[in-house]
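So this one's run.pdb, PDB, C-alpha atoms, pLDDT in the B column:
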```
ATOM      1  CA  MET A   1      76.081 124.361 228.310  1.00 73.00           C
ATOM      2  CA  ASN A   2      73.836 126.505 226.143  1.00 86.00           C
ATOM      3  CA  VAL A   3      70.291 125.061 225.842  1.00 89.00           C
ATOM      4  CA  ASP A   4      70.310 125.310 222.030  1.00 91.00           C
ATOM      5  CA  LYS A   5      73.643 123.505 221.815  1.00 94.00           C
ATOM      6  CA  ALA A   6      72.417 120.715 224.131  1.00 92.00           C
ATOM      7  CA  LYS A   7      69.166 120.330 222.153  1.00 93.00           C
ATOM      8  CA  LYS A   8      71.110 120.182 218.883  1.00 94.00           C
ATOM      9  CA  ARG A   9      73.464 117.479 220.208  1.00 95.00           C
ATOM     10  CA  ILE A  10      70.519 115.422 221.493  1.00 94.00           C
ATOM     11  CA  ALA A  11      68.707 115.820 218.148  1.00 95.00           C
ATOM     12  CA  LYS A  12      71.828 114.625 216.310  1.00 95.00           C
ATOM     13  CA  GLN A  13      71.820 111.421 218.380  1.00 95.00           C
ATOM     14  CA  VAL A  14      68.077 110.920 217.814  1.00 95.00           C
ATOM     15  CA  ASN A  15      68.426 111.398 214.039  1.00 96.00           C
ATOM     16  CA  LYS A  16      70.887 108.484 213.820  1.00 95.00           C
ATOM     17  CA  GLY A  17      68.016 106.075 214.479  1.00 94.00           C
ATOM     18  CA  PHE A  18      68.244 102.645 216.085  1.00 94.00           C
ATOM     19  CA  LYS A  19      71.828 101.340 216.126  1.00 95.00           C
ATOM     20  CA  GLY A  20      71.441  98.628 218.759  1.00 95.00           C
ATOM     21  CA  TYR A  21      71.791  98.559 222.510  1.00 96.00           C
ATOM     22  CA  PRO A  22      72.356 100.218 224.951  1.00 96.00           C
ATOM     23  CA  GLN A  23      69.360 102.402 224.140  1.00 97.00           C
ATOM     24  CA  ILE A  24      68.058 105.650 225.622  1.00 97.00           C
ATOM     25  CA  THR A  25      64.431 106.723 225.105  1.00 97.00           C
ATOM     26  CA  LEU A  26      63.174 110.248 225.813  1.00 97.00           C
ATOM     27  CA  ALA A  27      59.488 111.060 226.344  1.00 97.00           C
ATOM     28  CA  TYR A  28      58.029 114.474 227.152  1.00 96.00           C
ATOM     29  CA  PHE A  29      54.841 114.985 229.176  1.00 96.00           C
ATOM     30  CA  GLY A  30      52.732 118.026 229.963  1.00 95.00           C
ATOM     31  CA  LYS A  31      49.239 119.403 230.418  1.00 90.00           C
ATOM     32  CA  SER A  32      49.248 120.767 226.860  1.00 89.00           C
ATOM     33  CA  ALA A  33      51.164 120.127 223.640  1.00 88.00           C
ATOM     34  CA  ASP A  34      52.797 123.547 223.965  1.00 91.00           C
ATOM     35  CA  CYS A  35      54.463 123.019 227.336  1.00 93.00           C
ATOM     36  CA  ALA A  36      56.257 119.859 228.463  1.00 95.00           C
ATOM     37  CA  THR A  37      56.682 120.035 232.229  1.00 96.00           C
ATOM     38  CA  GLU A  38      58.213 116.567 232.646  1.00 96.00           C
ATOM     39  CA  VAL A  39      60.696 114.416 230.741  1.00 97.00           C
ATOM     40  CA  VAL A  40      61.218 110.698 231.276  1.00 97.00           C
ATOM     41  CA  ILE A  41      64.517 109.177 230.208  1.00 97.00           C
ATOM     42  CA  GLN A  42      64.665 105.391 229.953  1.00 97.00           C
ATOM     43  CA  PHE A  43      67.826 103.293 229.673  1.00 97.00           C
ATOM     44  CA  THR A  44      67.811  99.749 228.269  1.00 96.00           C
ATOM     45  CA  LEU A  45      71.121  97.869 228.405  1.00 95.00           C
ATOM     46  CA  GLU A  46      70.124  95.022 226.092  1.00 94.00           C
ATOM     47  CA  GLU A  47      67.050  93.516 224.471  1.00 93.00           C
ATOM     48  CA  GLY A  48      64.744  92.056 227.114  1.00 93.00           C
ATOM     49  CA  ALA A  49      66.613  93.759 229.979  1.00 94.00           C
ATOM     50  CA  GLU A  50      64.803  95.680 232.689  1.00 96.00           C
ATOM     51  CA  VAL A  51      64.311  99.345 231.792  1.00 96.00           C
ATOM     52  CA  GLN A  52      65.831 101.913 234.155  1.00 96.00           C
ATOM     53  CA  GLU A  53      63.937 105.192 234.311  1.00 96.00           C
ATOM     54  CA  GLU A  54      64.594 108.695 235.583  1.00 96.00           C
ATOM     55  CA  ARG A  55      62.255 111.696 235.568  1.00 96.00           C
ATOM     56  CA  PHE A  56      62.951 115.407 235.513  1.00 96.00           C
ATOM     57  CA  SER A  57      60.259 118.036 235.978  1.00 95.00           C
ATOM     58  CA  SER A  58      60.006 121.797 235.954  1.00 94.00           C
ATOM     59  CA  GLU A  59      57.398 124.509 236.398  1.00 93.00           C
ATOM     60  CA  THR A  60      58.338 125.751 232.906  1.00 93.00           C
ATOM     61  CA  ASP A  61      58.974 123.881 229.642  1.00 94.00           C
ATOM     62  CA  VAL A  62      61.681 121.251 230.255  1.00 95.00           C
ATOM     63  CA  ARG A  63      62.661 121.428 226.579  1.00 94.00           C
ATOM     64  CA  GLU A  64      63.852 124.999 227.184  1.00 94.00           C
ATOM     65  CA  ASN A  65      65.481 124.324 230.573  1.00 95.00           C
ATOM     66  CA  GLU A  66      69.261 124.514 230.211  1.00 94.00           C
ATOM     67  CA  VAL A  67      70.020 122.432 233.317  1.00 95.00           C
ATOM     68  CA  ILE A  68      67.661 119.591 232.350  1.00 96.00           C
ATOM     69  CA  GLN A  69      68.776 119.476 228.695  1.00 95.00           C
ATOM     70  CA  SER A  70      72.435 119.426 229.780  1.00 95.00           C
ATOM     71  CA  ALA A  71      71.677 116.635 232.259  1.00 95.00           C
ATOM     72  CA  LEU A  72      69.952 114.575 229.540  1.00 96.00           C
ATOM     73  CA  LEU A  73      72.965 115.005 227.282  1.00 95.00           C
ATOM     74  CA  LYS A  74      75.363 113.938 230.066  1.00 96.00           C
ATOM     75  CA  ILE A  75      73.261 110.826 230.766  1.00 96.00           C
ATOM     76  CA  ILE A  76      73.322 109.907 227.060  1.00 95.00           C
ATOM     77  CA  GLU A  77      77.099 110.398 226.868  1.00 94.00           C
ATOM     78  CA  ARG A  78      77.899 108.539 230.089  1.00 95.00           C
ATOM     79  CA  ALA A  79      75.616 105.621 229.199  1.00 94.00           C
ATOM     80  CA  ASN A  80      77.590 105.217 225.965  1.00 94.00           C
ATOM     81  CA  ALA A  81      74.233 104.691 224.235  1.00 94.00           C
ATOM     82  CA  ASN A  82      74.284 103.317 220.692  1.00 95.00           C
ATOM     83  CA  SER A  83      70.671 104.408 220.084  1.00 96.00           C
ATOM     84  CA  VAL A  84      68.751 107.445 221.278  1.00 97.00           C
ATOM     85  CA  MET A  85      65.028 107.386 220.541  1.00 97.00           C
ATOM     86  CA  GLN A  86      62.566 110.200 221.211  1.00 96.00           C
ATOM     87  CA  ILE A  87      58.796 109.916 221.460  1.00 95.00           C
ATOM     88  CA  GLU A  88      57.371 112.640 219.197  1.00 92.00           C
ATOM     89  CA  GLY A  89      55.315 115.428 220.703  1.00 91.00           C
ATOM     90  CA  VAL A  90      54.144 115.965 224.254  1.00 93.00           C
ATOM     91  CA  SER A  91      51.973 113.305 225.888  1.00 93.00           C
ATOM     92  CA  ALA A  92      49.249 114.311 228.335  1.00 88.00           C
ATOM     93  CA  LEU A  93      49.889 113.839 232.037  1.00 80.00           C
TER
END
```
Go ahead and render the structure in this file as structure tokens.
Amino acid sequence: MNVDKAKKRIAKQVNKGFKGYPQITLAYFGKSADCATEVVIQFTLEEGAEVQEERFSSETDVRENEVIQSALLKIIERANANSVMQIEGVSAL
């Protein structure tokens, strides 16, 4: 899938806001605000449930990596998530 198309579909889910559980949370990490080299995706089935976490990393910006963005979208779709939240910006590693 095209990286722009995947990013747009993820952004559409994020813009819906909190609609209940299951919930997916995306957080980007990097050495600078310009380049996120790691993304953490967290899945929460229900309130108070243990959070499941998966990490993807790349030498380049993960936000521009077609394979990683497509994988994030597939995880969101397969989890049947009602809410997709995204931590704004890039946090320092």
Next on the checklist: I need the residue nearest A:Lys31 from this list: A:Thr60, A:Ala11, A:Ile68, A:Gln52. Use all atoms listed in the file for the distance.
Outcome noted: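 Of all the options, A:Thr60 lies closest to A:Lys31.
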Next on the checklist: Please list, as a PyMOL selection string, the residues that have an atom at most 12 Å away from (71.8, 123.6, 225.1) in the coordinates of this file, counting only C-alpha atoms.
Outcome noted: chain A and resi 1-11+62-74
Next on the checklist: I'd like the interatomic distance between atom CA of A:Ser58 and atom CA of A:Gly17, to a tenth of an Å.
Outcome noted: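 Going from atom CA of A:Ser58 over to atom CA of A:Gly17 covers 27.8 Å.
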Written as a CSV table (one decimal) with C-alpha atoms, keeping the file's coordinate frame, what is the full residue list that the PyMOL selection byres ((chain A and resi 16) around 10) yields on the file shown?
```
chain,number,residue,atom,x,y,z
A,11,ALA,CA,68.7,115.8,218.1
A,12,LYS,CA,71.8,114.6,216.3
A,13,GLN,CA,71.8,111.4,218.4
A,14,VAL,CA,68.1,110.9,217.8
A,15,ASN,CA,68.4,111.4,214.0
A,17,GLY,CA,68.0,106.1,214.5
A,18,PHE,CA,68.2,102.6,216.1
A,19,LYS,CA,71.8,101.3,216.1
A,82,ASN,CA,74.3,103.3,220.7
A,83,SER,CA,70.7,104.4,220.1
A,84,VAL,CA,68.8,107.4,221.3
A,85,MET,CA,65.0,107.4,220.5
```
Just say which residues the PyMOL selection byres ((chain A and resi 87) around 9) picks in this file, as an mmCIF file with C-alpha atoms, in the frame of the given file.
```cif
data_model
loop_
_atom_site.group_PDB
_atom_site.id
_atom_site.type_symbol
_atom_site.label_atom_id
_atom_site.label_comp_id
_atom_site.auth_asym_id
_atom_site.auth_seq_id
_atom_site.Cartn_x
_atom_site.Cartn_y
_atom_site.Cartn_z
ATOM 1 C CA THR A 25 64.431 106.723 225.105
ATOM 2 C CA LEU A 26 63.174 110.248 225.813
ATOM 3 C CA ALA A 27 59.488 111.060 226.344
ATOM 4 C CA TYR A 28 58.029 114.474 227.152
ATOM 5 C CA MET A 85 65.028 107.386 220.541
ATOM 6 C CA GLN A 86 62.566 110.200 221.211
ATOM 7 C CA GLU A 88 57.371 112.640 219.197
ATOM 8 C CA GLY A 89 55.315 115.428 220.703
ATOM 9 C CA VAL A 90 54.144 115.965 224.254
ATOM 10 C CA SER A 91 51.973 113.305 225.888
#
```
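Among the candidates A:Phe43, A:Leu93, A:Ala81, A:Glu38, the one nearest to A:Arg55 when counting only C-alpha atoms is A:Glu38.
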Checklist entry - Which residue gives the smallest distance to A:Gly30 among A:Asp61, A:Thr44, A:Arg78, A:Val51, with only C-alpha atoms counted? => result A:Asp61
Checklist entry - Between A:Leu45, A:Ile75, A:Val40, A:Cys35, which has the minimum distance to A:Glu59 (counting all atoms listed in the file)? => result A:Cys35
Next on the checklist: Can you measure atom CA of A:Glu77 to atom CA of A:Thr37 for me? One decimal in Å is fine.
Outcome noted: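 According to the coordinates, atom CA of A:Glu77 and atom CA of A:Thr37 are separated by 23.2 Å.
Interatomic distance, atom CA of A:Phe29 to atom CA of A:Gln42: 13.8 Å.
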Find the axis-aligned box for stretch 46-51 of chain A, covering all its listed atoms and adding 5 Å on each side, and write its centre and edge lengths in Å to one decimal as JSON.
```
{"center_x": 67.2, "center_y": 95.7, "center_z": 228.6, "size_x": 15.8, "size_y": 17.3, "size_z": 18.2}
```
Item to check | For A:Asp34, the nearest of the candidates A:Gly20, A:Glu53, A:Ala92, A:Gly48, counting only C-alpha atoms | outcome: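 Smallest distance to A:Asp34 is found for A:Ala92.
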